[in-house]
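Here's the structure we're looking at; comments come further down.
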Amino acid sequence: MQKDRILITSALPYVNGIPHLGHLAGCLLPSDVFARFNRLIGNQVLYIAGTDEHGSPCEIGAKKENVSVEEYTSKYHNIHKDIYQKFNLSFDYFGRTSSKENIETTQSIAKELFNNGFIEQREDEQIFSIDDNMFLPDRYVIGTCPFCGADNARGDQCENCTKVLDPRDLINPKSSISGSSNLEFRKTKHLYLLLSKLSDKVRSWVETRNWNKLTLGIAYKWLDEGLKDRSITRDLKWGVPVPLDVFPDMKDKVFYVWFDAPIGYISITKELLGDDYQSWWLMDKGASEVQYFQFMGKDNVPFHAITFPATLLGANENYKKVDTLKGLSYLNFNGGKFSKSAGRGIFADKAIEEFDADYWRYWLIKNAPETDDTDFSFERFSEEINKDLNDVLGNFILRVLKFYNSKFSNVISHDIIIGDKEKQIISLLQQKIHNYSSFIKSLEFRKAMAELRSIWVMGNEYIDEMAPWAIYKTDVNKAGQILAFAINLIRIFMIISQPIIPDSSLKVLNALNTSGDWVFDVEHDISIINKGHSFNVPEAIFTKISSDRVSELNEKYNK
RNA sequence: CGCGGGAUAGAGCAGUCUGGUAGCUCGCAAGGCUCAUAACCUUGAGGUCAGUGGUUCAAAUCCACUUCCCGCAACCA
């Protein structure tokens with residue numbers, strides 16, 4: 001079979017702070033399921049992610065913790081890396097945008113853009129905080145809103161009346177970092193990416209894309225409103241320095257994080273593969289054969305659908321650009337947003353202490369916010385975990401294995417007999433596995449999960465209809481044959497469940513002393529576990545979440 | 001009239017592109033079964049498809065207007 005080459009990237013989470021469930025639901029988990037699935041069906045996969053580490057929040061965060069920015073970002077990079085490992089995210093490499101490779105790649109792409117006439121230097125005026133000794137991004141200037149009088153309006157927008165503001169409009173402006181009102185406007189030079197000149201190129205490229213509604217809607221909105229030239233540098237110390245050999249006036253300036261962050265996909269690949277990165281990223285070195293999938297939250301779509309492709313198109317037509325872009329909506333917590341500053345919601349480090357990764361993986365994929373924002377609550381979480389994982393799947397596995405083990409032994413002593421009912425099951429299962437695969441391939445995770453669940457239900461239906469406990473009374477051998485068939489169903493269920501619930505699947509497959517990548521031919525695979533094969537009856541694979549536990553969790557996290 | 005997404009049984013969703021008896025899961029009710037985690041299987045009740053108007057033999061689906069929810073609005077990332 002011809003192997004496809006699949007490049008997968010997840011939007012790089014910003015390194016500042018602990019990720020929450022929304023970050024997992026919105027891009028990391030779906031991309032991991034897709035990566036695992038593709039590996040299982042035999043495709044060659046490169047799955048890349050990392051932390052986005054530049055920008056003023058890191059400088060400010062480091063100051064607050066009284067450490068260097070390098071120490072600060074390293075600390076949080078490791079926290080991210082550790083958490084994602086616990087959630088079983090199977091990155092081929094988890095890098096960071098502060099790497100030497102990213103600095104080089106970003107600088108070289110900027111040079112290419114400049115040589116092609118897509119970068120221009122312009123002079124702006126921006127607020128400088130004398131006491132903080134830095135230029136302030138608009139949102140770090142706070143003051144009284146001239147429209148509604150709210151006293152905590154930010155320089156970019158008043159959260160009270162939602163009016164869009166300019167920092168100049170604010171009454172009594174001050175720095176939100178130090179509280180100092182010792183501010184002044186200073187002239188500063190910046191590089192602009194001439195998106196207006198790239199607009200036609202981007203549009204004709206977007207027109208060849210086959211994206212979902214949410215993504216295309218956002219892309220065309222930007223194009224239709226007209227792309228505006230965008231500043232790609234900042235007056236900060238922490239970031240990719242602007243190369244002075246090409247831009248000699250740009251001393252002490254760095255690229256804006258949103259310019260260098262997506263370039264991180266390329267540089268992280270370089271970090272992993274060295275020169276072999278070319279076969280994934282350069283069209284004339286093999287990347288034209290690659291199918292590239294990007295996953296991100298909807299807030300990130302403009303950058304992936306417009307800005308980053310524009311950057312690559314302007315720099316060099318030879319760069320690989322995204323084929324399929326999956327934009328997801330947000331996960332909310334009990335009807336409101338997750339909030340780092342307010343400590344609202346459950347964060348990934350705590351979540352994994354409360355429940356095994358598979359519980360979260362299952363629920364978050366089943367409820368992936370694909371069309372609209374999705375609301376998380378411990379009530380919904382426990383209902384679906386209890387019903388689907390415990391009652392439908394876990395209970396099926398145990399009822400079959402315990403039954404066989406108690407009436408016969410833990411060594412299979414029956415042939416797999418294919419009667420009419422079994423034929424039906426095989427053909428239906430073949431169809432359903434095909435549907436399930438198709439849904440994952442088209443990145444329709446909710447539908448994929450509904451299909452997977454209905455596959456699990458087939459096990460219970462089969463056992464119930466065949467009623468081996470009744471047959472056992474008159475035909476012991478026949479009862480054993482039914483159960484042996486069911487044991488093979490368990491094997492198949494767990495193989496195809498691996499992308500979603502890898503730990504549990506492996507646990508059961510190990511107990512069955514079996515393994516397998518993917519089920520392409522049910523008729524063949526249904527008799528892989530046969531006479532002489534031994535198995536162990538595993539401990540409960542899942543445990544239920546009691547209503548008391550739900551109350552406790554609400555008490556703990558729903559303040 | 002800034003832009004985009006969403007509104008479908010008590011809850012969560014599919015169906016809308018390509019008009020043709022409104023579907024799935026949970027919950028609820030009744031029945032079955034007793035191998036299993038008080039689980040599992042079957043059947044049933046429950047919907048003026050956000051509203052109004054239009055096109056059509058026929059509208060959840062197409063068109064127009066309205067209401068409500070979410071996000072974005074380019075110097076937060």
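Residues in the structure tokens are numbered from 1 in each chain, the chains being A, B, ... in the order shown, and ligands are numbered from 1 in the order shown.
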**Study point:** Within 12 Å of stretch 46-57 of chain B using only C-alpha atoms (C1' of nucleotides), minus same-chain residues under 2 positions, as a ChimeraX atom specification
**Key:** /B:6-10,15-16,19-20,22-23,27-29,44,59-69
Practice item. Would you please give, as a PyMOL selection string, all residues of stretch 23-255 of chain A that DSSP assigns to strand (DSSP E) based on the backbone? Key: chain A and resi 44-51+93-96+119-129+134-135+141-144+153-154+171-175+183-193+230-231+233-234+254-255
List every residue of chain A that has an atom at most 6 Å from any atom of chain B, and for each one report the closest atom pair and its distance in Å to one decimal, counting only C-alpha atoms (C1' of nucleotides), with rows sorted by chain and then by increasing residue number, as a tab-separated table.
residue	atom	partner	partner_atom	distance
A:Pro137	CA	B:C75	C1'	5.4
A:Asp138	CA	B:C75	C1'	5.7
A:Gly217	CA	B:G4	C1'	5.9
A:Asn395	CA	B:U37	C1'	5.9
A:Arg399	CA	B:A36	C1'	3.8
A:Phe403	CA	B:C35	C1'	5.5
A:Asp464	CA	B:C41	C1'	5.8
A:Trp469	CA	B:C35	C1'	6.0
Next, write the just-selected residues to a file, as a compact mmCIF listing (two decimals), in the first residue's frame, keeping N, CA and C atoms as the atom set.
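File written: out-v2.txt
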# COMPACT_ATOMS: atom_id res chain seq x y z
N PRO A 137 2.56 48.02 24.72
CA PRO A 137 1.50 47.63 23.79
C PRO A 137 0.21 48.30 24.23
N ASP A 138 -0.68 48.58 23.29
CA ASP A 138 -1.90 49.32 23.61
C ASP A 138 -2.64 48.77 24.81
N GLY A 217 -14.84 31.26 6.13
CA GLY A 217 -15.55 32.49 6.48
C GLY A 217 -14.58 33.55 6.97
N ASN A 395 -17.72 -2.42 30.64
CA ASN A 395 -18.55 -3.53 31.10
C ASN A 395 -18.62 -4.64 30.07
N ARG A 399 -17.52 -8.37 31.05
CA ARG A 399 -18.55 -9.41 31.10
C ARG A 399 -18.13 -10.59 30.23
N PHE A 403 -16.70 -14.08 32.01
CA PHE A 403 -17.57 -15.22 31.68
C PHE A 403 -16.74 -16.38 31.14
N ASP A 464 -26.01 -10.05 23.87
CA ASP A 464 -27.39 -10.13 24.35
C ASP A 464 -28.26 -10.99 23.45
N TRP A 469 -25.23 -17.39 28.12
CA TRP A 469 -25.56 -17.94 29.44
C TRP A 469 -26.73 -18.91 29.35
**Study point:** Among listed residues A:Lys544, A:Lys421, A:Arg361, A:Arg5, nearest A:Ser382 (using only C-alpha atoms)
**Key:** A:Lys544
Review point. What is the atom CA of A:Arg380 to atom CA of A:Glu539 distance in Å?
Key: 25.5 Å
Point to revise | Residue neighbourhood A:Asp32, 9 Å, only C-alpha atoms (C1' of nucleotides), exclusion window fewer than 3 positions, as a list in words | key: Ile8, Ser10, Cys27, Leu28, Leu29, Ala35, Arg36, Phe37, Tyr47, Asn88, Leu89, Ser90, Phe91, Pro499 and Ile500 of chain A
Check your understanding: Per DSSP on the backbone, what are the alpha helix (DSSP H) residues of stretch 464-502 of chain A, as a ChimeraX atom specification?
Key -> /A:464-466,468-471,476-497,502
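Counting only C-alpha atoms and comparing A:Leu216, A:Ile463, A:Val392, A:Ile177, the residue that lies closest to A:Arg203 is A:Leu216.
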Check your understanding: Which residue, A:Glu523, A:Gly26, A:Asn488, A:Met283, has the smallest gap to A:Lys298 when you use only C-alpha atoms?
Key -> A:Gly26
Exercise for review: Measuring atom to atom with only C-alpha atoms, identify which of A:Glu207, A:Asp252, A:Asp200, A:Glu383 is nearest to A:Gly226.
Suggested key: A:Asp200
Practice item. Give the answer as one residue: which of A:Phe535, A:Phe338, A:Phe542, A:Tyr256 has the shortest atom-to-atom distance to A:Ser413, using only C-alpha atoms? Key: A:Phe535
Listing only residues of stretch 88-145 of chain A within 8 Å of stretch 310-334 of chain A, what is the closest atom pair and its distance in Å (to one decimal) for each, using only C-alpha atoms, sorted by chain and residue number ascending, as JSON lines?
{"residue": "A:Ile109", "atom": "CA", "partner": "A:Ala315", "partner_atom": "CA", "distance": 5.9}
{"residue": "A:Ala110", "atom": "CA", "partner": "A:Ala315", "partner_atom": "CA", "distance": 7.4}
{"residue": "A:Glu112", "atom": "CA", "partner": "A:Ala315", "partner_atom": "CA", "distance": 4.9}
{"residue": "A:Leu113", "atom": "CA", "partner": "A:Ala315", "partner_atom": "CA", "distance": 4.5}
{"residue": "A:Asn116", "atom": "CA", "partner": "A:Ala315", "partner_atom": "CA", "distance": 7.0}
{"residue": "A:Phe118", "atom": "CA", "partner": "A:Gly314", "partner_atom": "CA", "distance": 6.6}
Study note, to complete from the structure: Among A:Ala11, A:Leu236, A:Leu398, A:Ala540, A:Val69 is approached most closely, using only C-alpha atoms, by A:Leu236
